[in-house]
file work_19.pdb (PDB, C-alpha atoms, pLDDT in the B column)
ATOM      1  CA  MET M   1       4.935   7.529  10.262  1.00 64.00           C
ATOM      2  CA  ASP M   2       5.140   4.543  12.616  1.00 82.00           C
ATOM      3  CA  HIS M   3       1.436   3.842  12.234  1.00 86.00           C
ATOM      4  CA  GLN M   4       1.573   4.012   8.432  1.00 88.00           C
ATOM      5  CA  TYR M   5       4.607   1.727   8.371  1.00 88.00           C
ATOM      6  CA  SER M   6       2.818  -0.732  10.668  1.00 92.00           C
ATOM      7  CA  VAL M   7      -0.247  -0.729   8.422  1.00 94.00           C
ATOM      8  CA  ILE M   8       1.884  -1.579   5.398  1.00 94.00           C
ATOM      9  CA  ASN M   9       3.467  -4.454   7.329  1.00 95.00           C
ATOM     10  CA  GLN M  10      -0.013  -5.734   8.176  1.00 96.00           C
ATOM     11  CA  CYS M  11      -0.974  -5.495   4.498  1.00 96.00           C
ATOM     12  CA  LEU M  12       2.110  -7.473   3.523  1.00 96.00           C
ATOM     13  CA  GLN M  13       1.255 -10.149   6.086  1.00 96.00           C
ATOM     14  CA  LEU M  14      -2.309 -10.419   4.759  1.00 95.00           C
ATOM     15  CA  LEU M  15      -0.941 -10.672   1.243  1.00 94.00           C
ATOM     16  CA  LYS M  16       1.439 -13.446   2.252  1.00 94.00           C
ATOM     17  CA  GLN M  17      -1.454 -15.490   3.688  1.00 93.00           C
ATOM     18  CA  SER M  18      -3.839 -14.910   0.784  1.00 92.00           C
ATOM     19  CA  ASP M  19      -4.564 -17.317  -2.035  1.00 89.00           C
ATOM     20  CA  MET M  20      -4.212 -14.588  -4.642  1.00 88.00           C
ATOM     21  CA  PRO M  21      -2.426 -15.699  -7.833  1.00 89.00           C
ATOM     22  CA  THR M  22       1.348 -15.380  -7.444  1.00 92.00           C
ATOM     23  CA  ILE M  23       1.930 -12.787 -10.163  1.00 93.00           C
ATOM     24  CA  LYS M  24      -0.764 -10.502  -8.730  1.00 91.00           C
ATOM     25  CA  LYS M  25       0.584 -11.029  -5.247  1.00 93.00           C
ATOM     26  CA  LEU M  26       4.058 -10.007  -6.391  1.00 95.00           C
ATOM     27  CA  ARG M  27       2.767  -6.844  -8.083  1.00 94.00           C
ATOM     28  CA  VAL M  28       0.984  -5.728  -4.923  1.00 95.00           C
ATOM     29  CA  GLU M  29       3.964  -6.683  -2.757  1.00 96.00           C
ATOM     30  CA  ILE M  30       6.372  -4.644  -4.880  1.00 96.00           C
ATOM     31  CA  GLN M  31       4.184  -1.556  -4.593  1.00 95.00           C
ATOM     32  CA  LEU M  32       3.740  -1.965  -0.832  1.00 95.00           C
ATOM     33  CA  ILE M  33       7.495  -2.326  -0.358  1.00 95.00           C
ATOM     34  CA  GLN M  34       8.027   0.784  -2.498  1.00 94.00           C
ATOM     35  CA  MET M  35       5.621   2.611  -0.213  1.00 91.00           C
ATOM     36  CA  LYS M  36       7.611   1.500   2.841  1.00 90.00           C
ATOM     37  CA  ARG M  37      10.786   2.795   1.230  1.00 90.00           C
ATOM     38  CA  LEU M  38       9.196   6.168   0.549  1.00 87.00           C
ATOM     39  CA  LEU M  39       7.910   6.394   4.128  1.00 84.00           C
ATOM     40  CA  LEU M  40      11.490   6.104   5.347  1.00 83.00           C
ATOM     41  CA  ASN M  41      12.510   9.051   3.179  1.00 76.00           C
ATOM     42  CA  ASP M  42      13.294  12.002   5.430  1.00 61.00           C
ATOM     43  CA  ALA M  43      12.157  14.441   2.756  1.00 58.00           C
ATOM     44  CA  ILE M  44       8.481  13.498   3.188  1.00 63.00           C
ATOM     45  CA  SER M  45       6.816  16.430   4.850  1.00 58.00           C
ATOM     46  CA  SER M  46       4.584  16.086   7.859  1.00 60.00           C
ATOM     47  CA  GLN M  47       1.902  17.825   5.815  1.00 52.00           C
ATOM     48  CA  VAL M  48       1.853  14.869   3.411  1.00 59.00           C
ATOM     49  CA  MET M  49       1.918  12.325   6.234  1.00 59.00           C
ATOM     50  CA  HIS M  50      -0.926  13.949   8.144  1.00 59.00           C
ATOM     51  CA  GLY M  51      -2.848  15.356   5.206  1.00 59.00           C
ATOM     52  CA  SER M  52      -3.119  13.781   1.794  1.00 60.00           C
ATOM     53  CA  CYS M  53      -1.511  10.503   2.879  1.00 68.00           C
ATOM     54  CA  GLY M  54      -2.517  10.403   6.541  1.00 76.00           C
ATOM     55  CA  GLU M  55      -3.606   7.606   8.850  1.00 82.00           C
ATOM     56  CA  ASP M  56      -7.176   7.438   7.512  1.00 86.00           C
ATOM     57  CA  LEU M  57      -5.932   6.689   4.018  1.00 88.00           C
ATOM     58  CA  PHE M  58      -3.701   3.902   5.336  1.00 91.00           C
ATOM     59  CA  GLU M  59      -6.556   2.446   7.405  1.00 92.00           C
ATOM     60  CA  GLY M  60      -8.672   2.414   4.249  1.00 92.00           C
ATOM     61  CA  LEU M  61      -5.889   0.574   2.456  1.00 94.00           C
ATOM     62  CA  LEU M  62      -5.766  -2.024   5.234  1.00 94.00           C
ATOM     63  CA  CYS M  63      -9.547  -2.559   5.069  1.00 94.00           C
ATOM     64  CA  GLN M  64      -9.346  -2.981   1.311  1.00 93.00           C
ATOM     65  CA  MET M  65      -6.495  -5.500   1.678  1.00 94.00           C
ATOM     66  CA  ARG M  66      -8.543  -7.464   4.247  1.00 93.00           C
ATOM     67  CA  ARG M  67     -11.462  -7.697   1.830  1.00 90.00           C
ATOM     68  CA  ILE M  68      -9.334  -8.773  -1.108  1.00 90.00           C
ATOM     69  CA  CYS M  69      -7.138 -11.203   0.794  1.00 87.00           C
ATOM     70  CA  GLY M  70     -10.177 -12.616   2.577  1.00 83.00           C
ATOM     71  CA  GLY M  71     -11.448 -14.140  -0.639  1.00 76.00           C
ATOM     72  CA  SER M  72     -12.838 -11.276  -2.713  1.00 60.00           C
ATOM     73  CA  CYS M  73     -10.035 -11.314  -5.259  1.00 61.00           C
ATOM     74  CA  GLU M  74     -12.071 -10.170  -8.239  1.00 71.00           C
ATOM     75  CA  SER M  75     -10.224  -8.337 -10.979  1.00 72.00           C
ATOM     76  CA  ASP M  76     -12.116  -5.082 -10.305  1.00 86.00           C
ATOM     77  CA  ALA M  77     -11.252  -5.198  -6.597  1.00 88.00           C
ATOM     78  CA  LEU M  78      -7.600  -5.810  -7.398  1.00 88.00           C
ATOM     79  CA  SER M  79      -7.557  -3.029  -9.990  1.00 90.00           C
ATOM     80  CA  ASP M  80      -9.038  -0.654  -7.416  1.00 93.00           C
ATOM     81  CA  LEU M  81      -6.380  -1.690  -4.903  1.00 93.00           C
ATOM     82  CA  MET M  82      -3.549  -1.157  -7.382  1.00 93.00           C
ATOM     83  CA  SER M  83      -4.993   2.224  -8.317  1.00 94.00           C
ATOM     84  CA  ARG M  84      -5.223   3.242  -4.656  1.00 93.00           C
ATOM     85  CA  ILE M  85      -1.641   2.172  -3.944  1.00 93.00           C
ATOM     86  CA  GLY M  86      -0.448   3.924  -7.107  1.00 93.00           C
ATOM     87  CA  GLY M  87      -2.104   7.142  -5.979  1.00 91.00           C
ATOM     88  CA  MET M  88      -0.518   6.879  -2.553  1.00 90.00           C
ATOM     89  CA  LEU M  89       2.891   6.258  -4.129  1.00 90.00           C
ATOM     90  CA  THR M  90       2.452   9.329  -6.307  1.00 88.00           C
ATOM     91  CA  VAL M  91       1.678  11.488  -3.271  1.00 84.00           C
ATOM     92  CA  LEU M  92       4.552  10.044  -1.234  1.00 83.00           C
ATOM     93  CA  GLY M  93       7.021  10.174  -4.121  1.00 81.00           C
ATOM     94  CA  GLY M  94       6.143  13.627  -5.382  1.00 65.00           C
ATOM     95  CA  GLU M  95       6.773  13.914  -9.090  1.00 44.00           C
ATOM     96  CA  GLN M  96       7.785  10.278  -9.558  1.00 46.00           C
ATOM     97  CA  THR M  97       5.248   7.676 -10.637  1.00 43.00           C
ATOM     98  CA  TYR M  98       5.400   3.981  -9.914  1.00 44.00           C
ATOM     99  CA  ARG M  99       3.783   1.158 -11.828  1.00 43.00           C
TER     100      ARG M  99
END

call {"tool": "encode", "arguments": {"input": "work_19.pdb", "output": "C-alpha cells"}}
result
Amino acid sequence: MDHQYSVINQCLQLLKQSDMPTIKKLRVEIQLIQMKRLLLNDAISSQVMHGSCGEDLFEGLLCQMRRICGGSCESDALSDLMSRIGGMLTVLGGEQTYR
C-alpha cells in the first residue's frame, strides 16, 4: 500500500503544479484524496491491492497524470483520467461508487 499511497501523492503534486483549469483540478484532486482515504481502510484485501488495483495500475495512473499535467489537458484526456480514477475507486470501495 505504501507504493500506491506514494503514487497518489505524486499525482497530487503534479496536479498542484499544472495549469489545468481550477474546477477540473478540484474534481481530480477530490477523487485522488478519496482514493487515499480508501487505501487507508483496513478492510481492503491484499488481493485487491496486488491484483485488480495493484502497483501497475497506479504506475499507469501516474504516467497519465504526467501527460495531462505536462500540457496535454484536452477534454478527452481528462475524461479518460476521470474514468480511470472512477474505476479504481469502485474497485477500492467495493459496492460504493464515487463521482

call {"tool": "closest_residue", "arguments": {"input": "work_19.pdb", "among": "M:Leu38, M:Ser18, M:Ile30, M:Gln13", "to": "Val91 of chain M", "atoms": "only C-alpha atoms"}}
result
M:Leu38

call {"tool": "residues_around", "arguments": {"input": "work_19.pdb", "residues": "Leu81 of chain M", "least_positions_apart": "4", "cutoff": "12 Å", "atoms": "only C-alpha atoms", "output": "PyMOL selection string"}}
result
chain M and resi 11+24-25+27-29+31-32+58+60-69+72-77+85-88

call {"tool": "axis_aligned_box", "arguments": {"input": "work_19.pdb", "around": "segment 52-67 of chain M", "padding_each_side": "3 Å", "output": "lines of an AutoDock Vina configuration file"}}
result
center_x = -6.5
center_y = 3.0
center_z = 5.1
size_x = 16.0
size_y = 27.5
size_z = 13.5

call {"tool": "atom_distance", "arguments": {"input": "work_19.pdb", "atom1": "atom CA of Met35 of chain M", "atom2": "atom CA of Leu92 of chain M"}}
result
7.6 Å

call {"tool": "resolve_selection", "arguments": {"input": "work_19.pdb", "expression": "the PyMOL selection byres ((chain M and resi 37) around 12)", "output": "mmCIF file with C-alpha atoms, in the frame of the given file"}}
result
data_model
loop_
_atom_site.group_PDB
_atom_site.id
_atom_site.type_symbol
_atom_site.label_atom_id
_atom_site.label_comp_id
_atom_site.auth_asym_id
_atom_site.auth_seq_id
_atom_site.Cartn_x
_atom_site.Cartn_y
_atom_site.Cartn_z
ATOM 1 C CA MET M 1 4.935 7.529 10.262
ATOM 2 C CA GLN M 4 1.573 4.012 8.432
ATOM 3 C CA TYR M 5 4.607 1.727 8.371
ATOM 4 C CA ILE M 8 1.884 -1.579 5.398
ATOM 5 C CA ASN M 9 3.467 -4.454 7.329
ATOM 6 C CA ILE M 30 6.372 -4.644 -4.880
ATOM 7 C CA GLN M 31 4.184 -1.556 -4.593
ATOM 8 C CA LEU M 32 3.740 -1.965 -0.832
ATOM 9 C CA ILE M 33 7.495 -2.326 -0.358
ATOM 10 C CA GLN M 34 8.027 0.784 -2.498
ATOM 11 C CA MET M 35 5.621 2.611 -0.213
ATOM 12 C CA LYS M 36 7.611 1.500 2.841
ATOM 13 C CA LEU M 38 9.196 6.168 0.549
ATOM 14 C CA LEU M 39 7.910 6.394 4.128
ATOM 15 C CA LEU M 40 11.490 6.104 5.347
ATOM 16 C CA ASN M 41 12.510 9.051 3.179
ATOM 17 C CA ASP M 42 13.294 12.002 5.430
ATOM 18 C CA ALA M 43 12.157 14.441 2.756
ATOM 19 C CA ILE M 44 8.481 13.498 3.188
ATOM 20 C CA LEU M 89 2.891 6.258 -4.129
ATOM 21 C CA LEU M 92 4.552 10.044 -1.234
ATOM 22 C CA GLY M 93 7.021 10.174 -4.121
#

call {"tool": "atom_distance", "arguments": {"input": "work_19.pdb", "atom1": "atom CA of Asp19 of chain M", "atom2": "atom CA of Ser79 of chain M"}}
result
16.6 Å

call {"tool": "atom_distance", "arguments": {"input": "work_19.pdb", "atom1": "atom CA of Asp80 of chain M", "atom2": "atom CA of Val7 of chain M"}}
result
18.1 Å
